[in-house]
Each structure stands twice: as C-alpha cells, then as structure tokens.
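S.K.: This is the structure, below, for whatever I ask next.
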Protein chains: 2
Amino acid sequence: MNEGVEWAVHSCLNLAWLGERAVPAARLAAFYELPAAYLNKQLQALARADILTSVSGPRGGFRLARPPEKVTLMDVVVAIDGDEPAFRCTEIRQRGGSGGGDADAYRKPCAIDAAMRKAELAWRRELAGQTVADVMTTVEHTNPGVPDKVRRWFDDTR
Amino acid sequence: MNEGVEWAVHSCLNLAWLGERAVPAARLAAFYELPAAYLNKQLQALARADILTSVSGPRGGFRLARPPEKVTLMDVVVAIDGDEPAFRCTEIRQRGGSGGGDADAYRKPCAIDAAMRKAELAWRRELAGQTVADVMTTVEHTNPGVPDKVRRWFDDTR
C-alpha cells in the first residue's frame, strides 16, 4: 500500500479540525515535513474522488468536500491506491495440461480467486465501516490536545 | 500481491489430489505452462514454511507436508508474500509541527494505524478460516472432473 494513504488520512483529519478554511498543499505538507509536490498529488487524487474540494486563488487550497462522518477509510484508500484487488487471478487453470476440455467449467469463478476475494471483501467492509470522524474521535480521546495543536500551528504559519 | 500466491495454492491443491507422491517442480510448472525456475522458488518457500516437504533423489520432488485441512490460505500467503502489514505507518505524526511535545502521546498507537490494522486483521482472519481442503471441496463440487484430470495428467507425464 502506498505511503500516501497515511498522508492522505492525516490530511483529512487536519482539514476536518480546521473547519471551513482552505489550506494550501505546501502548508499541509510542512506540518509533517513531507515533500509538498508528492503530497499535492495525493490531495489532487482526494479531490478527484470528491473527498476534498480544491479552491483556487490567493486564499486557495484544499478543504473537506463533505463532513468527516461521510468519508470512510475505504474512500481514502480507493482514491489513493485505486480499487484493483490485491489478489489478481490470472486463470492459470485454463493453461497447459490443466486447460482445455469443457468451456463451461471456466464460466464458474476459480475457487481460489473466490476465496481470496472473500477475504478482501472482509478488509473492504472493515475500512468502509470506519470514517474519518471515527478516527478523529479516537485521537480526541487518547490525545485530547491534538485538535488545538493543529489549529494553533496552522493559525501561526498562515 | 505476488502472482506466486495463485501458483502456490494451485500447486497445493494438485499435490493434495496426487496423494503421497513427490512431484518435481518442473512437472508442477508444466501443468500450467509456468516458468519452472520461478515456480520452484515458490515451492521452496512453501517447504520452508512446512507446508510442503522437499524430497531429494531421482523420485524426488514436493509433496504436502500436512493434510490439506491443516493448511490455511493465510499460511500460503504468508509463506509466499511474508507477513508484513500492507499498511505501514511511518509515524509522520511525530514530525514537523505535528511532532514534539509530550513523549507519552506517542506511546499510544496512531489511531490511523490502529484502524488500518483492524481491517487487515479481518482479511487475515478470513484467510485463516479457509483451508486448502475447503478450496478442494469447492472445486470438486463445481468441477467434479478436476481431481481425475489432474491424476491422469501427472500419471501420463511421469
């Protein structure tokens, strides 16, 4: 998985704590000393997925396009990493000595592919069941000072 | 995920249908027209994980080291792909403006990392709950001719 997923989720949390304000990619990157051009690519991907809104102009930047309750971790992972399955069946069962014979036999999905997909579905379901708001709640519970720290830093370096 | 996972699971199924007989990597590869040297690497990895036994000598090759009921898909995936999590937290929360302050705050795991791990655990649990024997049962149900086809091909090309 792309390291951009970690960056993207953190950026969503920060934008949620910052409210309606649009924040430039360079500021979001500086908060973690990340390479701004590369974080900008992830933020553009989030904007294409309608998770962020990109605001142009001198006070422009990115802000959340929807409330954090409406952004799941699955949304973010798909925006950054795409939605290709991790396991890709290449249908080797149809090759060589294994192949040939009754074409009907291959209409039914490969049992290995089906088993792997079942596991990926469990992963997706879990990610789809956790929102950015849920992660915010966890952070606010374990480290109550974080939201204020974020707001202060982005105020001071505006 | 490594394409070797598909090859490895198929090879486990075939070895299970072939019973006690040791089969050379080249034969297992030829059944699907796979590159033998590369499949051999996957089979060696399965042997290191005690899923297969490597038998040396002129009648040597690989056979299952345990009954297929005792080999889960998680065992095979870990043998081939390792058990590193797909999401790797790089603790960017400790960097730049986000970092500093109370060291205690970072003793608790990052909430994003925890959320991603929860999803990976669901994936692992699902893979650990499906054995090679389960996949064999599915194949035998949907394509009852497969086990005999496998035995005939490996008998004829011995």
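Every chain in the structure tokens takes a letter, A first, then B, and so on in the order presented; its residues are numbered from 1, and the ligands are numbered from 1 following the presented order.
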As a list of chain:residue names, please: the residues near Glu84 (chain B) (cut-off 12 Å, only C-alpha atoms, same-chain neighbours under 3 positions excluded).
M.R.: A:Met1, B:Met1, B:Val77, B:Val78, B:Ala79, B:Ile80, B:Asp81, B:Phe87, B:Arg88, B:Cys89, B:Arg117, B:Glu120, B:Arg124
S.K.: Give chain A as a tab-separated table (two decimals) with N, CA and C atoms, in the first residue's frame once it has been least-squares superposed onto chain B over every C-alpha atom, paired in order.
M.R.:
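Result file is out_31.tsv:
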chain	number	residue	atom	x	y	z
A	1	MET	N	-0.11	-8.09	-4.39
A	1	MET	CA	0.20	-9.47	-3.99
A	1	MET	C	0.89	-10.21	-5.14
A	2	ASN	N	1.85	-11.00	-4.75
A	2	ASN	CA	2.65	-11.78	-5.68
A	2	ASN	C	1.79	-12.77	-6.48
A	3	GLU	N	2.03	-12.88	-7.79
A	3	GLU	CA	1.28	-13.86	-8.59
A	3	GLU	C	1.61	-15.29	-8.13
A	4	GLY	N	2.76	-15.39	-7.44
A	4	GLY	CA	3.15	-16.70	-6.90
A	4	GLY	C	2.11	-17.27	-5.95
A	5	VAL	N	1.28	-16.43	-5.34
A	5	VAL	CA	0.25	-16.95	-4.43
A	5	VAL	C	-0.73	-17.83	-5.20
A	6	GLU	N	-1.16	-17.37	-6.36
A	6	GLU	CA	-2.08	-18.17	-7.19
A	6	GLU	C	-1.41	-19.51	-7.55
A	7	TRP	N	-0.16	-19.45	-7.98
A	7	TRP	CA	0.56	-20.66	-8.37
A	7	TRP	C	0.70	-21.62	-7.18
A	8	ALA	N	1.03	-21.04	-6.03
A	8	ALA	CA	1.28	-21.86	-4.85
A	8	ALA	C	0.02	-22.58	-4.39
A	9	VAL	N	-1.11	-21.86	-4.39
A	9	VAL	CA	-2.35	-22.51	-3.94
A	9	VAL	C	-2.74	-23.62	-4.93
A	10	HIS	N	-2.66	-23.32	-6.23
A	10	HIS	CA	-2.97	-24.35	-7.22
A	10	HIS	C	-2.07	-25.58	-7.02
A	11	SER	N	-0.78	-25.34	-6.77
A	11	SER	CA	0.14	-26.47	-6.60
A	11	SER	C	-0.21	-27.28	-5.36
A	12	CYS	N	-0.62	-26.61	-4.28
A	12	CYS	CA	-1.06	-27.33	-3.07
A	12	CYS	C	-2.27	-28.21	-3.37
A	13	LEU	N	-3.23	-27.66	-4.13
A	13	LEU	CA	-4.43	-28.44	-4.48
A	13	LEU	C	-4.00	-29.69	-5.27
A	14	ASN	N	-3.14	-29.50	-6.27
A	14	ASN	CA	-2.74	-30.63	-7.11
A	14	ASN	C	-1.99	-31.68	-6.31
A	15	LEU	N	-1.09	-31.23	-5.44
A	15	LEU	CA	-0.34	-32.19	-4.62
A	15	LEU	C	-1.30	-32.94	-3.69
A	16	ALA	N	-2.32	-32.26	-3.20
A	16	ALA	CA	-3.30	-32.93	-2.33
A	16	ALA	C	-4.05	-34.01	-3.12
A	17	TRP	N	-4.43	-33.70	-4.38
A	17	TRP	CA	-5.14	-34.70	-5.17
A	17	TRP	C	-4.22	-35.86	-5.57
A	18	LEU	N	-2.92	-35.58	-5.64
A	18	LEU	CA	-1.97	-36.63	-6.05
A	18	LEU	C	-1.53	-37.51	-4.89
A	19	GLY	N	-1.91	-37.13	-3.67
A	19	GLY	CA	-1.63	-37.99	-2.52
A	19	GLY	C	-0.17	-37.96	-2.10
A	20	GLU	N	0.38	-39.12	-1.80
A	20	GLU	CA	1.69	-39.21	-1.17
A	20	GLU	C	2.86	-39.00	-2.13
A	21	ARG	N	2.57	-39.05	-3.44
A	21	ARG	CA	3.64	-39.00	-4.43
A	21	ARG	C	4.39	-37.66	-4.43
A	22	ALA	N	5.72	-37.70	-4.56
A	22	ALA	CA	6.50	-36.46	-4.68
A	22	ALA	C	6.56	-36.07	-6.15
A	23	VAL	N	6.33	-34.80	-6.44
A	23	VAL	CA	6.26	-34.34	-7.83
A	23	VAL	C	7.32	-33.25	-8.04
A	24	PRO	N	8.16	-33.40	-9.09
A	24	PRO	CA	9.18	-32.37	-9.33
A	24	PRO	C	8.56	-31.02	-9.70
A	25	ALA	N	9.27	-29.95	-9.35
A	25	ALA	CA	8.80	-28.59	-9.65
A	25	ALA	C	8.52	-28.45	-11.15
A	26	ALA	N	9.37	-29.05	-11.99
A	26	ALA	CA	9.20	-28.90	-13.44
A	26	ALA	C	7.86	-29.47	-13.91
A	27	ARG	N	7.40	-30.57	-13.29
A	27	ARG	CA	6.11	-31.16	-13.67
A	27	ARG	C	4.96	-30.27	-13.18
A	28	LEU	N	5.07	-29.80	-11.96
A	28	LEU	CA	4.02	-28.93	-11.42
A	28	LEU	C	3.91	-27.66	-12.27
A	29	ALA	N	5.06	-27.17	-12.75
A	29	ALA	CA	5.07	-25.96	-13.58
A	29	ALA	C	4.47	-26.24	-14.95
A	30	ALA	N	4.84	-27.40	-15.53
A	30	ALA	CA	4.39	-27.73	-16.89
A	30	ALA	C	2.87	-27.85	-16.96
A	31	PHE	N	2.25	-28.28	-15.87
A	31	PHE	CA	0.79	-28.45	-15.86
A	31	PHE	C	0.08	-27.14	-16.20
A	32	TYR	N	0.71	-26.00	-15.84
A	32	TYR	CA	0.13	-24.69	-16.15
A	32	TYR	C	0.99	-23.88	-17.11
A	33	GLU	N	2.01	-24.51	-17.70
A	33	GLU	CA	2.97	-23.79	-18.56
A	33	GLU	C	3.56	-22.59	-17.83
A	34	LEU	N	3.95	-22.79	-16.58
A	34	LEU	CA	4.60	-21.73	-15.80
A	34	LEU	C	6.11	-21.87	-15.92
A	35	PRO	N	6.85	-20.78	-15.70
A	35	PRO	CA	8.32	-20.87	-15.68
A	35	PRO	C	8.78	-21.70	-14.47
A	36	ALA	N	9.44	-22.84	-14.74
A	36	ALA	CA	9.74	-23.80	-13.68
A	36	ALA	C	10.64	-23.22	-12.59
A	37	ALA	N	11.65	-22.43	-13.00
A	37	ALA	CA	12.60	-21.90	-12.00
A	37	ALA	C	11.88	-20.99	-11.01
A	38	TYR	N	10.92	-20.20	-11.53
A	38	TYR	CA	10.22	-19.26	-10.67
A	38	TYR	C	9.20	-19.99	-9.78
A	39	LEU	N	8.51	-20.99	-10.35
A	39	LEU	CA	7.60	-21.77	-9.50
A	39	LEU	C	8.41	-22.49	-8.42
A	40	ASN	N	9.60	-22.99	-8.80
A	40	ASN	CA	10.43	-23.69	-7.83
A	40	ASN	C	10.73	-22.81	-6.61
A	41	LYS	N	10.94	-21.52	-6.84
A	41	LYS	CA	11.18	-20.59	-5.72
A	41	LYS	C	9.98	-20.55	-4.77
A	42	GLN	N	8.78	-20.55	-5.36
A	42	GLN	CA	7.57	-20.52	-4.51
A	42	GLN	C	7.45	-21.83	-3.73
A	43	LEU	N	7.77	-22.94	-4.41
A	43	LEU	CA	7.65	-24.25	-3.75
A	43	LEU	C	8.68	-24.37	-2.62
A	44	GLN	N	9.87	-23.82	-2.84
A	44	GLN	CA	10.88	-23.82	-1.78
A	44	GLN	C	10.39	-22.98	-0.59
A	45	ALA	N	9.73	-21.87	-0.90
A	45	ALA	CA	9.18	-21.03	0.18
A	45	ALA	C	8.12	-21.80	0.96
A	46	LEU	N	7.29	-22.58	0.25
A	46	LEU	CA	6.27	-23.40	0.94
A	46	LEU	C	6.94	-24.48	1.79
A	47	ALA	N	8.07	-25.00	1.30
A	47	ALA	CA	8.79	-26.03	2.07
A	47	ALA	C	9.38	-25.42	3.34
A	48	ARG	N	9.94	-24.20	3.22
A	48	ARG	CA	10.49	-23.53	4.41
A	48	ARG	C	9.40	-23.28	5.45
A	49	ALA	N	8.17	-23.10	4.97
A	49	ALA	CA	7.05	-22.84	5.88
A	49	ALA	C	6.38	-24.14	6.35
A	50	ASP	N	7.03	-25.28	6.04
A	50	ASP	CA	6.49	-26.59	6.44
A	50	ASP	C	5.11	-26.89	5.87
A	51	ILE	N	4.82	-26.30	4.72
A	51	ILE	CA	3.57	-26.63	4.03
A	51	ILE	C	3.85	-27.79	3.07
A	52	LEU	N	5.00	-27.76	2.42
A	52	LEU	CA	5.43	-28.87	1.57
A	52	LEU	C	6.67	-29.53	2.18
A	53	THR	N	6.89	-30.78	1.75
A	53	THR	CA	8.15	-31.46	2.05
A	53	THR	C	8.91	-31.60	0.75
A	54	SER	N	10.19	-31.28	0.78
A	54	SER	CA	11.02	-31.43	-0.41
A	54	SER	C	11.75	-32.77	-0.29
A	55	VAL	N	11.53	-33.66	-1.27
A	55	VAL	CA	12.12	-34.99	-1.25
A	55	VAL	C	13.23	-35.02	-2.31
A	56	SER	N	14.45	-35.39	-1.91
A	56	SER	CA	15.54	-35.40	-2.89
A	56	SER	C	15.67	-36.78	-3.53
A	57	GLY	N	16.51	-36.87	-4.57
A	57	GLY	CA	16.72	-38.16	-5.24
A	57	GLY	C	15.97	-38.24	-6.55
A	58	PRO	N	16.20	-39.34	-7.31
A	58	PRO	CA	15.63	-39.48	-8.65
A	58	PRO	C	14.10	-39.49	-8.66
A	59	ARG	N	13.47	-39.96	-7.58
A	59	ARG	CA	12.00	-39.92	-7.49
A	59	ARG	C	11.54	-38.77	-6.60
A	60	GLY	N	12.42	-37.78	-6.51
A	60	GLY	CA	12.15	-36.67	-5.59
A	60	GLY	C	11.19	-35.65	-6.15
A	61	GLY	N	10.98	-34.62	-5.34
A	61	GLY	CA	10.07	-33.55	-5.72
A	61	GLY	C	9.42	-32.99	-4.47
A	62	PHE	N	8.20	-32.52	-4.63
A	62	PHE	CA	7.49	-31.92	-3.50
A	62	PHE	C	6.22	-32.71	-3.22
A	63	ARG	N	5.90	-32.82	-1.93
A	63	ARG	CA	4.56	-33.28	-1.56
A	63	ARG	C	4.08	-32.48	-0.37
A	64	LEU	N	2.77	-32.53	-0.10
A	64	LEU	CA	2.22	-31.80	1.05
A	64	LEU	C	2.85	-32.34	2.34
A	65	ALA	N	3.23	-31.45	3.22
A	65	ALA	CA	3.81	-31.86	4.49
A	65	ALA	C	2.74	-32.17	5.53
A	66	ARG	N	1.53	-31.69	5.28
A	66	ARG	CA	0.44	-31.92	6.24
A	66	ARG	C	-0.85	-32.12	5.44
A	67	PRO	N	-1.87	-32.65	6.09
A	67	PRO	CA	-3.15	-32.82	5.38
A	67	PRO	C	-3.69	-31.45	4.95
A	68	PRO	N	-4.41	-31.38	3.82
A	68	PRO	CA	-4.89	-30.09	3.31
A	68	PRO	C	-5.84	-29.38	4.29
A	69	GLU	N	-6.41	-30.11	5.23
A	69	GLU	CA	-7.26	-29.50	6.26
A	69	GLU	C	-6.41	-28.63	7.21
A	70	LYS	N	-5.10	-28.89	7.22
A	70	LYS	CA	-4.21	-28.21	8.17
A	70	LYS	C	-3.40	-27.10	7.49
A	71	VAL	N	-3.73	-26.79	6.23
A	71	VAL	CA	-3.03	-25.70	5.53
A	71	VAL	C	-4.06	-24.62	5.20
A	72	THR	N	-3.94	-23.46	5.83
A	72	THR	CA	-4.89	-22.38	5.52
A	72	THR	C	-4.33	-21.50	4.40
A	73	LEU	N	-5.24	-20.74	3.79
A	73	LEU	CA	-4.79	-19.79	2.76
A	73	LEU	C	-3.86	-18.73	3.37
A	74	MET	N	-4.08	-18.42	4.64
A	74	MET	CA	-3.18	-17.47	5.32
A	74	MET	C	-1.77	-18.05	5.38
A	75	ASP	N	-1.65	-19.35	5.69
A	75	ASP	CA	-0.32	-19.99	5.71
A	75	ASP	C	0.39	-19.81	4.38
A	76	VAL	N	-0.35	-20.03	3.28
A	76	VAL	CA	0.26	-19.95	1.95
A	76	VAL	C	0.65	-18.50	1.64
A	77	VAL	N	-0.24	-17.56	1.92
A	77	VAL	CA	0.04	-16.15	1.62
A	77	VAL	C	1.26	-15.67	2.41
A	78	VAL	N	1.33	-16.04	3.68
A	78	VAL	CA	2.48	-15.62	4.51
A	78	VAL	C	3.77	-16.27	3.99
A	79	ALA	N	3.69	-17.53	3.59
A	79	ALA	CA	4.89	-18.22	3.07
A	79	ALA	C	5.41	-17.53	1.81
A	80	ILE	N	4.52	-17.07	0.95
A	80	ILE	CA	4.93	-16.50	-0.34
A	80	ILE	C	5.20	-15.00	-0.24
A	81	ASP	N	4.32	-14.29	0.45
A	81	ASP	CA	4.40	-12.82	0.46
A	81	ASP	C	4.98	-12.25	1.75
A	82	GLY	N	5.22	-13.09	2.74
A	82	GLY	CA	5.68	-12.59	4.03
A	82	GLY	C	4.52	-12.08	4.86
A	83	ASP	N	4.79	-11.66	6.10
A	83	ASP	CA	3.67	-11.22	6.92
A	83	ASP	C	3.77	-9.74	7.31
A	84	GLU	N	4.49	-8.97	6.51
A	84	GLU	CA	4.46	-7.52	6.70
A	84	GLU	C	3.05	-6.99	6.45
A	85	PRO	N	2.59	-6.07	7.28
A	85	PRO	CA	1.27	-5.49	6.98
A	85	PRO	C	1.30	-4.69	5.67
A	86	ALA	N	0.18	-4.65	4.97
A	86	ALA	CA	0.10	-3.89	3.72
A	86	ALA	C	0.22	-2.40	4.01
A	87	PHE	N	-0.39	-1.97	5.12
A	87	PHE	CA	-0.29	-0.57	5.52
A	87	PHE	C	0.86	-0.42	6.50
A	88	ARG	N	1.82	0.42	6.16
A	88	ARG	CA	2.95	0.63	7.06
A	88	ARG	C	2.96	2.06	7.57
A	89	CYS	N	2.64	2.21	8.84
A	89	CYS	CA	2.63	3.53	9.47
A	89	CYS	C	4.07	4.01	9.59
A	90	THR	N	4.34	5.22	9.10
A	90	THR	CA	5.70	5.76	9.22
A	90	THR	C	5.77	6.85	10.28
A	91	GLU	N	4.71	6.94	11.11
A	91	GLU	CA	4.71	7.85	12.26
A	91	GLU	C	4.99	9.30	11.86
A	92	ILE	N	4.36	9.74	10.77
A	92	ILE	CA	4.57	11.14	10.40
A	92	ILE	C	4.01	12.07	11.47
A	93	ARG	N	3.12	11.54	12.31
A	93	ARG	CA	2.56	12.37	13.38
A	93	ARG	C	3.65	12.90	14.32
A	94	GLN	N	4.83	12.26	14.33
A	94	GLN	CA	5.91	12.70	15.22
A	94	GLN	C	6.82	13.72	14.56
A	95	ARG	N	6.50	14.12	13.33
A	95	ARG	CA	7.40	15.00	12.58
A	95	ARG	C	6.88	16.43	12.50
A	96	GLY	N	7.79	17.33	12.19
A	96	GLY	CA	7.43	18.73	11.90
A	96	GLY	C	6.60	19.37	13.00
A	97	GLY	N	5.64	20.19	12.59
A	97	GLY	CA	4.78	20.89	13.52
A	97	GLY	C	3.90	19.95	14.32
A	98	SER	N	3.64	18.78	13.76
A	98	SER	CA	2.81	17.79	14.44
A	98	SER	C	3.55	17.15	15.61
A	99	GLY	N	4.89	17.08	15.49
A	99	GLY	CA	5.69	16.35	16.48
A	99	GLY	C	5.98	17.18	17.71
A	100	GLY	N	6.96	16.70	18.48
A	100	GLY	CA	7.37	17.40	19.68
A	100	GLY	C	6.35	17.24	20.79
A	101	GLY	N	6.55	17.99	21.85
A	101	GLY	CA	5.60	17.95	22.96
A	101	GLY	C	5.75	16.68	23.78
A	102	ASP	N	4.64	16.24	24.32
A	102	ASP	CA	4.59	15.15	25.29
A	102	ASP	C	4.94	13.80	24.65
A	103	ALA	N	6.05	13.20	25.09
A	103	ALA	CA	6.47	11.91	24.52
A	103	ALA	C	5.44	10.81	24.80
A	104	ASP	N	4.73	10.95	25.91
A	104	ASP	CA	3.70	9.97	26.27
A	104	ASP	C	2.65	9.83	25.17
A	105	ALA	N	2.40	10.95	24.48
A	105	ALA	CA	1.35	10.96	23.47
A	105	ALA	C	1.60	9.91	22.39
A	106	TYR	N	2.88	9.61	22.14
A	106	TYR	CA	3.20	8.67	21.06
A	106	TYR	C	3.35	7.23	21.53
A	107	ARG	N	3.18	7.02	22.83
A	107	ARG	CA	3.20	5.64	23.32
A	107	ARG	C	1.97	4.90	22.82
A	108	LYS	N	0.85	5.62	22.75
A	108	LYS	CA	-0.37	5.00	22.23
A	108	LYS	C	-0.27	4.91	20.71
A	109	PRO	N	-0.69	3.78	20.13
A	109	PRO	CA	-0.54	3.64	18.68
A	109	PRO	C	-1.32	4.72	17.94
A	110	CYS	N	-0.81	5.11	16.78
A	110	CYS	CA	-1.50	6.06	15.92
A	110	CYS	C	-2.89	5.52	15.60
A	111	ALA	N	-3.91	6.35	15.71
A	111	ALA	CA	-5.30	5.91	15.50
A	111	ALA	C	-5.51	5.45	14.05
A	112	ILE	N	-4.78	6.04	13.12
A	112	ILE	CA	-4.91	5.64	11.71
A	112	ILE	C	-4.34	4.24	11.54
A	113	ASP	N	-3.14	4.03	12.11
A	113	ASP	CA	-2.51	2.71	12.05
A	113	ASP	C	-3.43	1.66	12.67
A	114	ALA	N	-4.02	1.99	13.81
A	114	ALA	CA	-4.91	1.03	14.50
A	114	ALA	C	-6.11	0.68	13.62
A	115	ALA	N	-6.67	1.70	12.95
A	115	ALA	CA	-7.84	1.47	12.10
A	115	ALA	C	-7.47	0.59	10.89
A	116	MET	N	-6.31	0.85	10.30
A	116	MET	CA	-5.89	0.06	9.15
A	116	MET	C	-5.57	-1.39	9.56
A	117	ARG	N	-4.96	-1.53	10.74
A	117	ARG	CA	-4.64	-2.88	11.23
A	117	ARG	C	-5.90	-3.69	11.51
A	118	LYS	N	-6.92	-3.02	12.00
A	118	LYS	CA	-8.18	-3.70	12.28
A	118	LYS	C	-8.72	-4.32	10.98
A	119	ALA	N	-8.61	-3.56	9.88
A	119	ALA	CA	-9.09	-4.08	8.59
A	119	ALA	C	-8.23	-5.23	8.11
A	120	GLU	N	-6.91	-5.11	8.29
A	120	GLU	CA	-6.03	-6.20	7.86
A	120	GLU	C	-6.27	-7.46	8.69
A	121	LEU	N	-6.62	-7.25	9.95
A	121	LEU	CA	-6.92	-8.39	10.81
A	121	LEU	C	-8.14	-9.14	10.29
A	122	ALA	N	-9.14	-8.39	9.81
A	122	ALA	CA	-10.35	-9.02	9.25
A	122	ALA	C	-9.97	-9.85	8.02
A	123	TRP	N	-9.06	-9.33	7.20
A	123	TRP	CA	-8.58	-10.05	6.01
A	123	TRP	C	-7.84	-11.33	6.42
A	124	ARG	N	-6.94	-11.19	7.39
A	124	ARG	CA	-6.18	-12.35	7.86
A	124	ARG	C	-7.08	-13.42	8.45
A	125	ARG	N	-8.06	-12.96	9.21
A	125	ARG	CA	-8.96	-13.91	9.89
A	125	ARG	C	-9.73	-14.73	8.84
A	126	GLU	N	-10.13	-14.02	7.77
A	126	GLU	CA	-10.88	-14.69	6.70
A	126	GLU	C	-9.99	-15.72	6.00
A	127	LEU	N	-8.74	-15.35	5.70
A	127	LEU	CA	-7.82	-16.27	5.04
A	127	LEU	C	-7.45	-17.44	5.95
A	128	ALA	N	-7.36	-17.16	7.25
A	128	ALA	CA	-7.01	-18.21	8.20
A	128	ALA	C	-8.16	-19.18	8.39
A	129	GLY	N	-9.37	-18.74	8.03
A	129	GLY	CA	-10.56	-19.59	8.19
A	129	GLY	C	-10.85	-20.45	6.97
A	130	GLN	N	-10.02	-20.34	5.94
A	130	GLN	CA	-10.23	-21.14	4.73
A	130	GLN	C	-9.00	-22.01	4.49
A	131	THR	N	-9.22	-23.32	4.40
A	131	THR	CA	-8.10	-24.24	4.20
A	131	THR	C	-8.03	-24.69	2.75
A	132	VAL	N	-6.88	-25.28	2.40
A	132	VAL	CA	-6.72	-25.89	1.08
A	132	VAL	C	-7.81	-26.95	0.87
A	133	ALA	N	-8.15	-27.66	1.94
A	133	ALA	CA	-9.22	-28.68	1.84
A	133	ALA	C	-10.56	-28.03	1.49
A	134	ASP	N	-10.84	-26.86	2.04
A	134	ASP	CA	-12.09	-26.15	1.71
A	134	ASP	C	-12.13	-25.81	0.22
A	135	VAL	N	-11.01	-25.31	-0.30
A	135	VAL	CA	-10.97	-24.94	-1.72
A	135	VAL	C	-11.13	-26.21	-2.58
A	136	MET	N	-10.49	-27.31	-2.17
A	136	MET	CA	-10.67	-28.58	-2.90
A	136	MET	C	-12.14	-28.97	-2.96
A	137	THR	N	-12.83	-28.84	-1.83
A	137	THR	CA	-14.24	-29.19	-1.77
A	137	THR	C	-15.05	-28.35	-2.76
A	138	THR	N	-14.74	-27.06	-2.81
A	138	THR	CA	-15.46	-26.18	-3.74
A	138	THR	C	-15.22	-26.61	-5.18
A	139	VAL	N	-13.95	-26.87	-5.52
A	139	VAL	CA	-13.63	-27.30	-6.89
A	139	VAL	C	-14.33	-28.62	-7.20
A	140	GLU	N	-14.28	-29.56	-6.28
A	140	GLU	CA	-14.88	-30.88	-6.51
A	140	GLU	C	-16.40	-30.77	-6.69
A	141	HIS	N	-16.98	-29.73	-6.10
A	141	HIS	CA	-18.42	-29.52	-6.23
A	141	HIS	C	-18.75	-28.88	-7.58
A	142	THR	N	-17.98	-27.84	-7.95
A	142	THR	CA	-18.32	-27.11	-9.18
A	142	THR	C	-17.76	-27.79	-10.43
A	143	ASN	N	-16.60	-28.44	-10.31
A	143	ASN	CA	-15.97	-29.12	-11.45
A	143	ASN	C	-15.51	-30.52	-11.03
A	144	PRO	N	-16.47	-31.45	-10.91
A	144	PRO	CA	-16.15	-32.76	-10.32
A	144	PRO	C	-15.06	-33.53	-11.07
A	145	GLY	N	-14.82	-33.17	-12.34
A	145	GLY	CA	-13.84	-33.93	-13.11
A	145	GLY	C	-12.38	-33.55	-12.83
A	146	VAL	N	-12.18	-32.47	-12.10
A	146	VAL	CA	-10.81	-31.94	-11.96
A	146	VAL	C	-9.83	-32.91	-11.29
A	147	PRO	N	-10.18	-33.50	-10.12
A	147	PRO	CA	-9.18	-34.37	-9.47
A	147	PRO	C	-8.70	-35.49	-10.39
A	148	ASP	N	-9.62	-36.15	-11.13
A	148	ASP	CA	-9.21	-37.23	-12.04
A	148	ASP	C	-8.35	-36.70	-13.18
A	149	LYS	N	-8.72	-35.52	-13.68
A	149	LYS	CA	-7.94	-34.91	-14.76
A	149	LYS	C	-6.51	-34.66	-14.30
A	150	VAL	N	-6.36	-34.17	-13.08
A	150	VAL	CA	-5.03	-33.91	-12.52
A	150	VAL	C	-4.26	-35.23	-12.43
A	151	ARG	N	-4.89	-36.25	-11.84
A	151	ARG	CA	-4.20	-37.54	-11.64
A	151	ARG	C	-3.78	-38.14	-12.98
A	152	ARG	N	-4.68	-38.09	-13.97
A	152	ARG	CA	-4.36	-38.65	-15.29
A	152	ARG	C	-3.17	-37.94	-15.91
A	153	TRP	N	-3.20	-36.59	-15.85
A	153	TRP	CA	-2.12	-35.82	-16.49
A	153	TRP	C	-0.77	-36.13	-15.83
A	154	PHE	N	-0.75	-36.18	-14.50
A	154	PHE	CA	0.54	-36.42	-13.83
A	154	PHE	C	0.96	-37.89	-13.98
A	155	ASP	N	0.01	-38.82	-14.14
A	155	ASP	CA	0.36	-40.22	-14.43
A	155	ASP	C	0.98	-40.33	-15.82
A	156	ASP	N	0.32	-39.67	-16.80
A	156	ASP	CA	0.75	-39.82	-18.20
A	156	ASP	C	2.09	-39.16	-18.48
A	157	THR	N	2.45	-38.16	-17.70
A	157	THR	CA	3.66	-37.40	-18.02
A	157	THR	C	4.75	-37.67	-16.97
A	158	ARG	N	4.56	-38.71	-16.21
A	158	ARG	CA	5.49	-39.04	-15.14
A	158	ARG	C	6.94	-39.16	-15.63
S.K.: As a VMD selection string, please: every residue in chain B that a backbone DSSP assignment puts in helix (DSSP H, G or I).
M.R.: chain B and resid 4 to 18 25 to 30 36 to 48 68 to 70 73 to 81 92 to 94 96 to 98 103 to 106 111 to 128 132 to 142 146 to 156
S.K.: Where in region 7-155 of chain B does DSSP assign strand (DSSP E), given as a list in words?
M.R.: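 Selecting the strand (DSSP E) positions of region 7-155 of chain B gives Leu52, Thr53, Ser54, Val55, Gly61, Phe62, Arg63 and Leu64 of chain B.
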